[in-house]
Structures are given as C-alpha cells and as structure tokens.
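Visitor: Below is the file structure20.cif, which contains mmCIF, C-alpha atoms.
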```cif
data_final
loop_
_atom_site.label_atom_id
_atom_site.label_comp_id
_atom_site.auth_asym_id
_atom_site.auth_seq_id
_atom_site.Cartn_x
_atom_site.Cartn_y
_atom_site.Cartn_z
CA MET A 1 15.76 12.57 74.59
CA SER A 2 19.43 13.22 75.28
CA LYS A 3 20.78 16.39 76.84
CA ARG A 4 22.19 18.83 74.30
CA SER A 5 25.53 20.56 74.64
CA LYS A 6 25.70 24.34 74.84
CA SER A 7 26.80 24.52 71.18
CA GLU A 8 23.94 22.23 70.12
CA GLU A 9 21.47 24.41 72.03
CA ALA A 10 22.85 27.52 70.32
CA GLU A 11 22.58 25.83 66.93
CA LEU A 12 19.02 24.70 67.60
CA LYS A 13 18.03 28.20 68.72
CA ALA A 14 19.54 29.66 65.54
CA LEU A 15 17.82 27.00 63.42
CA GLN A 16 14.46 27.79 65.02
CA ALA A 17 15.01 31.53 64.44
CA ALA A 18 15.87 30.88 60.79
CA LEU A 19 12.77 28.71 60.46
CA ALA A 20 10.60 31.45 61.96
CA ALA A 21 12.17 33.94 59.54
CA GLU A 22 11.38 31.65 56.62
CA HIS A 23 7.77 31.28 57.79
CA ALA A 24 7.53 35.08 57.88
CA ALA A 25 9.14 35.40 54.44
CA VAL A 26 6.71 32.90 52.91
CA TYR A 27 3.82 34.89 54.36
CA GLY A 28 5.40 38.17 53.29
CA TYR A 29 5.87 37.06 49.72
CA GLY A 30 2.15 36.29 49.57
CA VAL A 31 1.61 39.97 50.27
CA VAL A 32 4.33 41.01 47.82
CA GLY A 33 2.88 38.81 45.09
CA ALA A 34 -0.52 40.44 45.46
CA ARG A 35 0.88 43.95 44.91
CA ILE A 36 4.06 43.57 42.87
CA GLY A 37 2.72 44.12 39.39
CA THR A 38 3.38 41.96 36.36
CA ALA A 39 6.92 43.14 35.60
CA ARG A 40 8.35 41.66 38.84
CA GLN A 41 5.84 38.86 39.39
CA SER A 42 8.30 36.13 38.39
CA ASP A 43 10.91 37.53 40.82
CA ALA A 44 8.37 37.38 43.64
CA ARG A 45 7.30 33.86 42.71
CA SER A 46 10.91 32.68 42.56
CA ALA A 47 11.68 34.18 45.98
CA TYR A 48 8.52 32.66 47.43
CA GLU A 49 9.51 29.19 46.18
CA ALA A 50 13.07 29.62 47.49
CA HIS A 51 11.80 30.52 50.95
CA ARG A 52 9.35 27.61 50.96
CA ALA A 53 12.20 25.23 50.10
CA ARG A 54 14.42 26.69 52.85
CA ARG A 55 11.53 26.50 55.32
CA ASP A 56 11.07 22.82 54.55
CA GLU A 57 14.82 22.17 54.82
CA LEU A 58 14.96 23.90 58.20
CA THR A 59 11.92 21.99 59.44
CA ARG A 60 13.73 18.74 58.69
CA ALA A 61 16.93 20.00 60.36
CA VAL A 62 15.08 20.90 63.56
CA LYS A 63 13.38 17.49 63.59
CA ASP A 64 16.75 15.82 63.00
CA MET A 65 17.96 17.51 66.20
CA GLY A 66 15.04 15.93 68.06
CA ALA A 67 13.08 19.15 68.53
CA GLU A 68 9.64 20.39 67.54
CA PRO A 69 9.92 22.88 64.65
CA GLU A 70 8.80 26.46 65.20
CA ALA A 71 5.26 26.85 63.87
CA ALA A 72 4.22 29.59 61.50
CA SER A 73 1.98 32.33 62.81
CA ALA A 74 -1.49 32.61 61.36
CA ALA A 75 -0.67 36.17 60.26
CA TYR A 76 2.10 38.74 60.63
CA MET A 77 1.88 42.47 61.15
CA LEU A 78 3.43 44.34 58.22
CA PRO A 79 5.97 47.10 58.92
CA PHE A 80 4.10 49.50 56.63
CA PRO A 81 1.11 49.37 54.28
CA VAL A 82 1.88 47.42 51.11
CA THR A 83 -0.61 48.99 48.73
CA ASP A 84 1.29 49.26 45.44
CA THR A 85 4.26 47.99 43.48
CA ALA A 86 6.76 50.40 45.05
CA ALA A 87 5.77 49.37 48.57
CA ALA A 88 5.85 45.69 47.58
CA ILE A 89 9.41 46.07 46.27
CA ARG A 90 10.50 47.87 49.44
CA PHE A 91 8.85 45.17 51.57
CA ALA A 92 10.50 42.36 49.59
CA ALA A 93 13.91 43.97 50.14
CA GLU A 94 13.20 44.27 53.87
CA LEU A 95 12.09 40.63 54.07
CA GLU A 96 15.36 39.52 52.49
CA GLU A 97 17.45 41.72 54.78
CA ARG A 98 15.72 40.26 57.83
CA VAL A 99 16.25 36.72 56.58
CA ALA A 100 19.94 37.47 55.96
CA ASP A 101 20.25 38.79 59.52
CA VAL A 102 18.97 35.56 61.00
CA TYR A 103 21.09 33.35 58.76
CA SER A 104 24.19 35.21 59.93
CA ASP A 105 23.37 33.91 63.42
CA LEU A 106 23.03 30.38 62.07
CA VAL A 107 26.37 30.64 60.26
CA ARG A 108 27.94 31.61 63.58
CA ALA A 109 26.20 28.82 65.56
CA ALA A 110 26.45 25.90 63.12
CA ALA A 111 29.29 23.79 61.81
CA ASP A 112 30.16 21.85 58.68
CA ASP A 113 27.27 21.15 56.27
CA ARG A 114 24.75 23.18 58.23
CA ARG A 115 27.11 26.18 58.25
CA ARG A 116 27.55 25.85 54.48
CA MET A 117 23.76 25.71 54.04
CA ALA A 118 23.32 28.79 56.23
CA ALA A 119 26.04 30.68 54.37
CA GLY A 120 24.37 29.81 51.07
CA ALA A 121 20.99 30.97 52.37
CA LEU A 122 22.56 34.20 53.65
CA ARG A 123 24.14 34.81 50.25
CA GLU A 124 20.88 34.10 48.41
CA ALA A 125 18.90 36.46 50.67
CA ALA A 126 21.53 39.18 50.26
CA VAL A 127 21.45 38.86 46.47
CA ARG A 128 17.66 39.02 46.43
CA ALA A 129 17.74 42.08 48.72
CA VAL A 130 20.08 43.84 46.29
CA ARG A 131 17.90 42.89 43.34
CA TRP A 132 14.85 44.32 45.09
CA SER A 133 16.42 47.46 46.52
CA GLY A 134 19.23 48.21 44.10
CA GLU A 135 21.52 48.76 47.11
CA SER A 136 23.99 46.51 48.87
CA VAL A 137 26.06 46.36 52.03
CA ALA A 138 29.59 45.08 52.51
CA PHE A 139 28.66 42.31 54.96
CA PRO A 140 25.00 41.30 54.60
CA GLY A 141 23.42 40.23 57.84
CA LEU A 142 26.13 41.91 59.88
CA ALA A 143 26.59 45.59 59.01
CA GLU A 144 22.97 46.44 59.72
CA ARG A 145 23.24 44.89 63.18
CA ALA A 146 26.38 46.54 64.50
CA GLY A 147 25.98 46.90 68.22
CA THR A 148 22.85 44.74 68.44
CA PRO A 149 22.55 41.44 70.28
CA SER A 150 22.02 38.21 68.41
CA ALA A 151 18.68 38.26 66.62
CA THR A 152 15.70 36.14 67.36
CA ALA A 153 13.15 35.19 64.78
CA PRO A 154 12.11 38.22 62.77
CA SER A 155 8.62 38.67 61.54
CA PRO A 156 7.71 41.10 58.81
CA THR A 157 6.62 43.59 61.46
#
```
Mind converting the file's structure to structure tokens?
Guide:
Amino acid sequence: MSKRSKSEEAELKALQAALAAEHAAVYGYGVVGARIGTARQSDARSAYEAHRARRDELTRAVKDMGAEPEAASAAYMLPFPVTDTAAAIRFAAELEERVADVYSDLVRAAADDRRRMAAGALREAAVRAVRWSGESVAFPGLAERAGTPSATAPSPT
C-alpha cells in the first residue's frame, strides 16, 4: 500500500464520514418508513433507495482508494422517540440535514469528479430536507455549522 498525501488522507476521511452518514441514513429511513404513514410512504422509500445507492457508491470509492470501508453499526440511537408520522417527518428532515453536513466536508476535501458527486449528494440531501421540513437554509451543510469544527460521521443520535 502506498503512502497517501495529506490531501488524499483528508479526502479519505471525508469519504469515510460520508459513508458512515449514509449507513446511518439507511438505518434511519427504516425507522421513518415504519412510522411515516401512507401519504408520505413513497417519499420515504425514495429517500431510502437514494441513500442506499450513495452508500454503495461511497463504499466503492473508499475501496478504490485502497482502504477498508467504514462498516455500518448494528443499530443507532435515535435523537428522540419516533412514534408517529409527525416525529417520522421531523426525523427524516434531521437525517437529511446531517447527511448534507457531512457532504459539505467531502466537497471541501475532494476534487474533480468526486467533488461533483459530493456536491450533487449535498444538493439532493438539502432538497429532501426542505421537502420534509418545509424550511430551508441559504447554504445547506454550512449555515448550521457556523463555528463548529469539521464534522465526523453523524449517526441519527
């Protein structure tokens, strides 16, 4: 295995954090899907599939860098009880905001095609967050983190 440059290490760290966030989102959408109600079931299913696809893409990217992909946890602690449709919607919005946060780090750390992928994933998460919450921010993944250090992998805790 060859030694990585500082920028490659930063990119790999951001990739692993994004992968961990996608693992958490896939798990989280299992919870959302169980409580969302029929009116928003297709939205939850679509988001779940999008996060699974991103997770698989990130797994390949980490392997392409010669590293072992971050494994999913067996379970994640939820930030609040998700017992009904309203809580499921709030949780889905939070999942998307957390994913957007981590992709902003990958946008900063990556270059070229990987940066474009990360920017697209950030945009998609931000759009889903708005659809779930009905609210938006000027710079998704950044405004919420003003004054905070670079994120590590979020879990839906």
Visitor: Using only C-alpha atoms - which residues lie no farther than 12 Å from the point (-2.0, 45.3, 56.6) in the file's frame? Write them as a list in words.
Guide: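 Using only C-alpha atoms, the matching residues come out as Gly28, Val31, Val32, Ala75, Tyr76, Met77, Leu78, Pro79, Phe80, Pro81, Val82, Thr83, Ala87, Ala88, Phe91, Pro156 and Thr157 of chain A.
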Visitor: Step by step, work through what the PyMOL selection byres ((chain A and resi 36-52) around 7) selects in the shown file, and finish by giving those residues as JSON, numbers by chain.
Guide: {"A": [22, 25, 26, 29, 32, 33, 34, 35, 53, 54, 55, 56, 84, 85, 88, 89]}
Visitor: Counting only C-alpha atoms, which of A:Glu94, A:Ala72, A:Asp112, A:Leu122 gets nearest to Tyr27 of chain A?
Guide: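 Closest to Tyr27 of chain A, using only C-alpha atoms: A:Ala72.
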Visitor: Give me, as a short mmCIF file (atom, residue, chain, number, x, y, z; two decimals) with C-alpha atoms, keeping the file's coordinate frame, all polymer residues having an atom no more than 7 Å from Tyr103 of chain A, counting only C-alpha atoms and skipping those fewer than 3 positions away in the same chain.
Guide:
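part_31.cif was written with the following content:
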```
data_model
loop_
_atom_site.label_atom_id
_atom_site.label_comp_id
_atom_site.auth_asym_id
_atom_site.auth_seq_id
_atom_site.Cartn_x
_atom_site.Cartn_y
_atom_site.Cartn_z
CA ALA A 18 15.87 30.88 60.79
CA VAL A 99 16.25 36.72 56.58
CA ALA A 100 19.94 37.47 55.96
CA LEU A 106 23.03 30.38 62.07
CA VAL A 107 26.37 30.64 60.26
CA ALA A 118 23.32 28.79 56.23
CA ALA A 121 20.99 30.97 52.37
CA LEU A 122 22.56 34.20 53.65
#
```
Visitor: Which residues are close to Glu70 of chain A, i.e. within 7 Å by only C-alpha atoms, leaving aside same-chain residues fewer than 3 positions away? Reply as a PyMOL selection string.
Guide: chain A and resi 16+19-20
Visitor: Next, write the just-selected residues to a file, as a PDB file, in the frame of the given file, keeping C-alpha atoms as the atom set.
Guide:
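So the final result, stored in part_34.pdb, reads:
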```
ATOM      1  CA  GLN A  16      14.460  27.790  65.020  1.00  0.00           C
ATOM      2  CA  LEU A  19      12.770  28.710  60.460  1.00  0.00           C
ATOM      3  CA  ALA A  20      10.600  31.450  61.960  1.00  0.00           C
TER       4      ALA A  20
END
```
Visitor: Looking at all atoms listed in the file, which of A:Gly30, A:Lys13, A:Trp132, A:Ala61 is the one that sits closest to Asp113 of chain A?
Guide: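 Between A:Gly30, A:Lys13, A:Trp132, A:Ala61, the residue approaching Asp113 of chain A most closely is A:Ala61.
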Visitor: As a PDB file, keeping the file's coordinate frame, please: segment 49-60 of chain A completed to all heavy atoms.
Guide:
```pdb
ATOM      1  N   GLU A  49       9.155  30.615  46.282  1.00  0.00           N
ATOM      2  CA  GLU A  49       9.510  29.190  46.180  1.00  0.00           C
ATOM      3  C   GLU A  49      10.819  28.898  46.900  1.00  0.00           C
ATOM      4  O   GLU A  49      10.956  27.862  47.561  1.00  0.00           O
ATOM      5  CB  GLU A  49       9.588  28.767  44.710  1.00  0.00           C
ATOM      6  CG  GLU A  49       8.248  28.768  43.994  1.00  0.00           C
ATOM      7  CD  GLU A  49       7.244  27.800  44.601  1.00  0.00           C
ATOM      8  OE1 GLU A  49       7.638  26.753  45.160  1.00  0.00           O
ATOM      9  OE2 GLU A  49       6.035  28.096  44.524  1.00  0.00           O
ATOM     10  N   ALA A  50      11.791  29.807  46.801  1.00  0.00           N
ATOM     11  CA  ALA A  50      13.070  29.620  47.490  1.00  0.00           C
ATOM     12  C   ALA A  50      12.873  29.593  49.003  1.00  0.00           C
ATOM     13  O   ALA A  50      13.461  28.753  49.709  1.00  0.00           O
ATOM     14  CB  ALA A  50      14.051  30.717  47.092  1.00  0.00           C
ATOM     15  N   HIS A  51      12.044  30.486  49.505  1.00  0.00           N
ATOM     16  CA  HIS A  51      11.800  30.520  50.950  1.00  0.00           C
ATOM     17  C   HIS A  51      10.995  29.306  51.409  1.00  0.00           C
ATOM     18  O   HIS A  51      11.242  28.791  52.509  1.00  0.00           O
ATOM     19  CB  HIS A  51      11.118  31.830  51.349  1.00  0.00           C
ATOM     20  CG  HIS A  51      12.060  32.980  51.298  1.00  0.00           C
ATOM     21  ND1 HIS A  51      13.122  33.118  52.162  1.00  0.00           N
ATOM     22  CD2 HIS A  51      12.121  34.048  50.456  1.00  0.00           C
ATOM     23  CE1 HIS A  51      13.789  34.219  51.869  1.00  0.00           C
ATOM     24  NE2 HIS A  51      13.201  34.795  50.836  1.00  0.00           N
ATOM     25  N   ARG A  52      10.087  28.839  50.601  1.00  0.00           N
ATOM     26  CA  ARG A  52       9.350  27.610  50.960  1.00  0.00           C
ATOM     27  C   ARG A  52      10.313  26.432  51.045  1.00  0.00           C
ATOM     28  O   ARG A  52      10.230  25.618  51.975  1.00  0.00           O
ATOM     29  CB  ARG A  52       8.263  27.306  49.931  1.00  0.00           C
ATOM     30  CG  ARG A  52       7.039  28.174  50.089  1.00  0.00           C
ATOM     31  CD  ARG A  52       5.930  27.785  49.145  1.00  0.00           C
ATOM     32  NE  ARG A  52       5.560  26.390  49.358  1.00  0.00           N
ATOM     33  CZ  ARG A  52       4.949  25.633  48.465  1.00  0.00           C
ATOM     34  NH1 ARG A  52       4.611  26.110  47.295  1.00  0.00           N
ATOM     35  NH2 ARG A  52       4.646  24.391  48.734  1.00  0.00           N
ATOM     36  N   ALA A  53      11.226  26.330  50.097  1.00  0.00           N
ATOM     37  CA  ALA A  53      12.200  25.230  50.100  1.00  0.00           C
ATOM     38  C   ALA A  53      13.104  25.311  51.331  1.00  0.00           C
ATOM     39  O   ALA A  53      13.373  24.290  51.986  1.00  0.00           O
ATOM     40  CB  ALA A  53      13.024  25.246  48.818  1.00  0.00           C
ATOM     41  N   ARG A  54      13.581  26.514  51.655  1.00  0.00           N
ATOM     42  CA  ARG A  54      14.420  26.690  52.850  1.00  0.00           C
ATOM     43  C   ARG A  54      13.632  26.369  54.118  1.00  0.00           C
ATOM     44  O   ARG A  54      14.150  25.750  55.044  1.00  0.00           O
ATOM     45  CB  ARG A  54      14.979  28.107  52.930  1.00  0.00           C
ATOM     46  CG  ARG A  54      16.028  28.426  51.924  1.00  0.00           C
ATOM     47  CD  ARG A  54      17.342  27.784  52.263  1.00  0.00           C
ATOM     48  NE  ARG A  54      18.336  28.171  51.275  1.00  0.00           N
ATOM     49  CZ  ARG A  54      19.493  27.589  51.132  1.00  0.00           C
ATOM     50  NH1 ARG A  54      19.829  26.594  51.926  1.00  0.00           N
ATOM     51  NH2 ARG A  54      20.334  27.984  50.208  1.00  0.00           N
ATOM     52  N   ARG A  55      12.381  26.795  54.164  1.00  0.00           N
ATOM     53  CA  ARG A  55      11.530  26.500  55.320  1.00  0.00           C
ATOM     54  C   ARG A  55      11.435  24.996  55.529  1.00  0.00           C
ATOM     55  O   ARG A  55      11.595  24.498  56.644  1.00  0.00           O
ATOM     56  CB  ARG A  55      10.149  27.103  55.104  1.00  0.00           C
ATOM     57  CG  ARG A  55       9.161  26.814  56.221  1.00  0.00           C
ATOM     58  CD  ARG A  55       7.734  26.952  55.772  1.00  0.00           C
ATOM     59  NE  ARG A  55       7.426  25.994  54.714  1.00  0.00           N
ATOM     60  CZ  ARG A  55       6.379  26.086  53.911  1.00  0.00           C
ATOM     61  NH1 ARG A  55       5.533  27.088  54.027  1.00  0.00           N
ATOM     62  NH2 ARG A  55       6.156  25.178  52.990  1.00  0.00           N
ATOM     63  N   ASP A  56      11.203  24.267  54.452  1.00  0.00           N
ATOM     64  CA  ASP A  56      11.070  22.820  54.550  1.00  0.00           C
ATOM     65  C   ASP A  56      12.389  22.174  54.972  1.00  0.00           C
ATOM     66  O   ASP A  56      12.409  21.243  55.780  1.00  0.00           O
ATOM     67  CB  ASP A  56      10.581  22.240  53.225  1.00  0.00           C
ATOM     68  CG  ASP A  56       9.171  22.700  52.863  1.00  0.00           C
ATOM     69  OD1 ASP A  56       8.469  23.270  53.731  1.00  0.00           O
ATOM     70  OD2 ASP A  56       8.783  22.508  51.691  1.00  0.00           O
ATOM     71  N   GLU A  57      13.498  22.679  54.455  1.00  0.00           N
ATOM     72  CA  GLU A  57      14.820  22.170  54.820  1.00  0.00           C
ATOM     73  C   GLU A  57      15.100  22.409  56.313  1.00  0.00           C
ATOM     74  O   GLU A  57      15.605  21.526  57.015  1.00  0.00           O
ATOM     75  CB  GLU A  57      15.881  22.859  53.958  1.00  0.00           C
ATOM     76  CG  GLU A  57      17.292  22.413  54.221  1.00  0.00           C
ATOM     77  CD  GLU A  57      18.305  23.099  53.313  1.00  0.00           C
ATOM     78  OE1 GLU A  57      17.956  24.090  52.625  1.00  0.00           O
ATOM     79  OE2 GLU A  57      19.455  22.640  53.313  1.00  0.00           O
ATOM     80  N   LEU A  58      14.753  23.589  56.786  1.00  0.00           N
ATOM     81  CA  LEU A  58      14.960  23.900  58.200  1.00  0.00           C
ATOM     82  C   LEU A  58      14.053  23.081  59.110  1.00  0.00           C
ATOM     83  O   LEU A  58      14.465  22.668  60.195  1.00  0.00           O
ATOM     84  CB  LEU A  58      14.758  25.394  58.443  1.00  0.00           C
ATOM     85  CG  LEU A  58      15.839  26.292  57.839  1.00  0.00           C
ATOM     86  CD1 LEU A  58      15.391  27.748  57.875  1.00  0.00           C
ATOM     87  CD2 LEU A  58      17.175  26.109  58.542  1.00  0.00           C
ATOM     88  N   THR A  59      12.843  22.839  58.677  1.00  0.00           N
ATOM     89  CA  THR A  59      11.920  21.990  59.440  1.00  0.00           C
ATOM     90  C   THR A  59      12.530  20.613  59.647  1.00  0.00           C
ATOM     91  O   THR A  59      12.530  20.072  60.761  1.00  0.00           O
ATOM     92  CB  THR A  59      10.556  21.896  58.736  1.00  0.00           C
ATOM     93  OG1 THR A  59       9.981  23.205  58.665  1.00  0.00           O
ATOM     94  CG2 THR A  59       9.606  20.953  59.460  1.00  0.00           C
ATOM     95  N   ARG A  60      13.086  20.054  58.576  1.00  0.00           N
ATOM     96  CA  ARG A  60      13.730  18.740  58.690  1.00  0.00           C
ATOM     97  C   ARG A  60      14.946  18.799  59.612  1.00  0.00           C
ATOM     98  O   ARG A  60      15.169  17.888  60.422  1.00  0.00           O
ATOM     99  CB  ARG A  60      14.146  18.231  57.302  1.00  0.00           C
ATOM    100  CG  ARG A  60      12.984  17.740  56.458  1.00  0.00           C
ATOM    101  CD  ARG A  60      13.439  17.073  55.173  1.00  0.00           C
ATOM    102  NE  ARG A  60      14.222  17.952  54.307  1.00  0.00           N
ATOM    103  CZ  ARG A  60      13.708  18.816  53.423  1.00  0.00           C
ATOM    104  NH1 ARG A  60      12.391  18.913  53.293  1.00  0.00           N
ATOM    105  NH2 ARG A  60      14.482  19.554  52.679  1.00  0.00           N
TER     106      ARG A  60
END
```
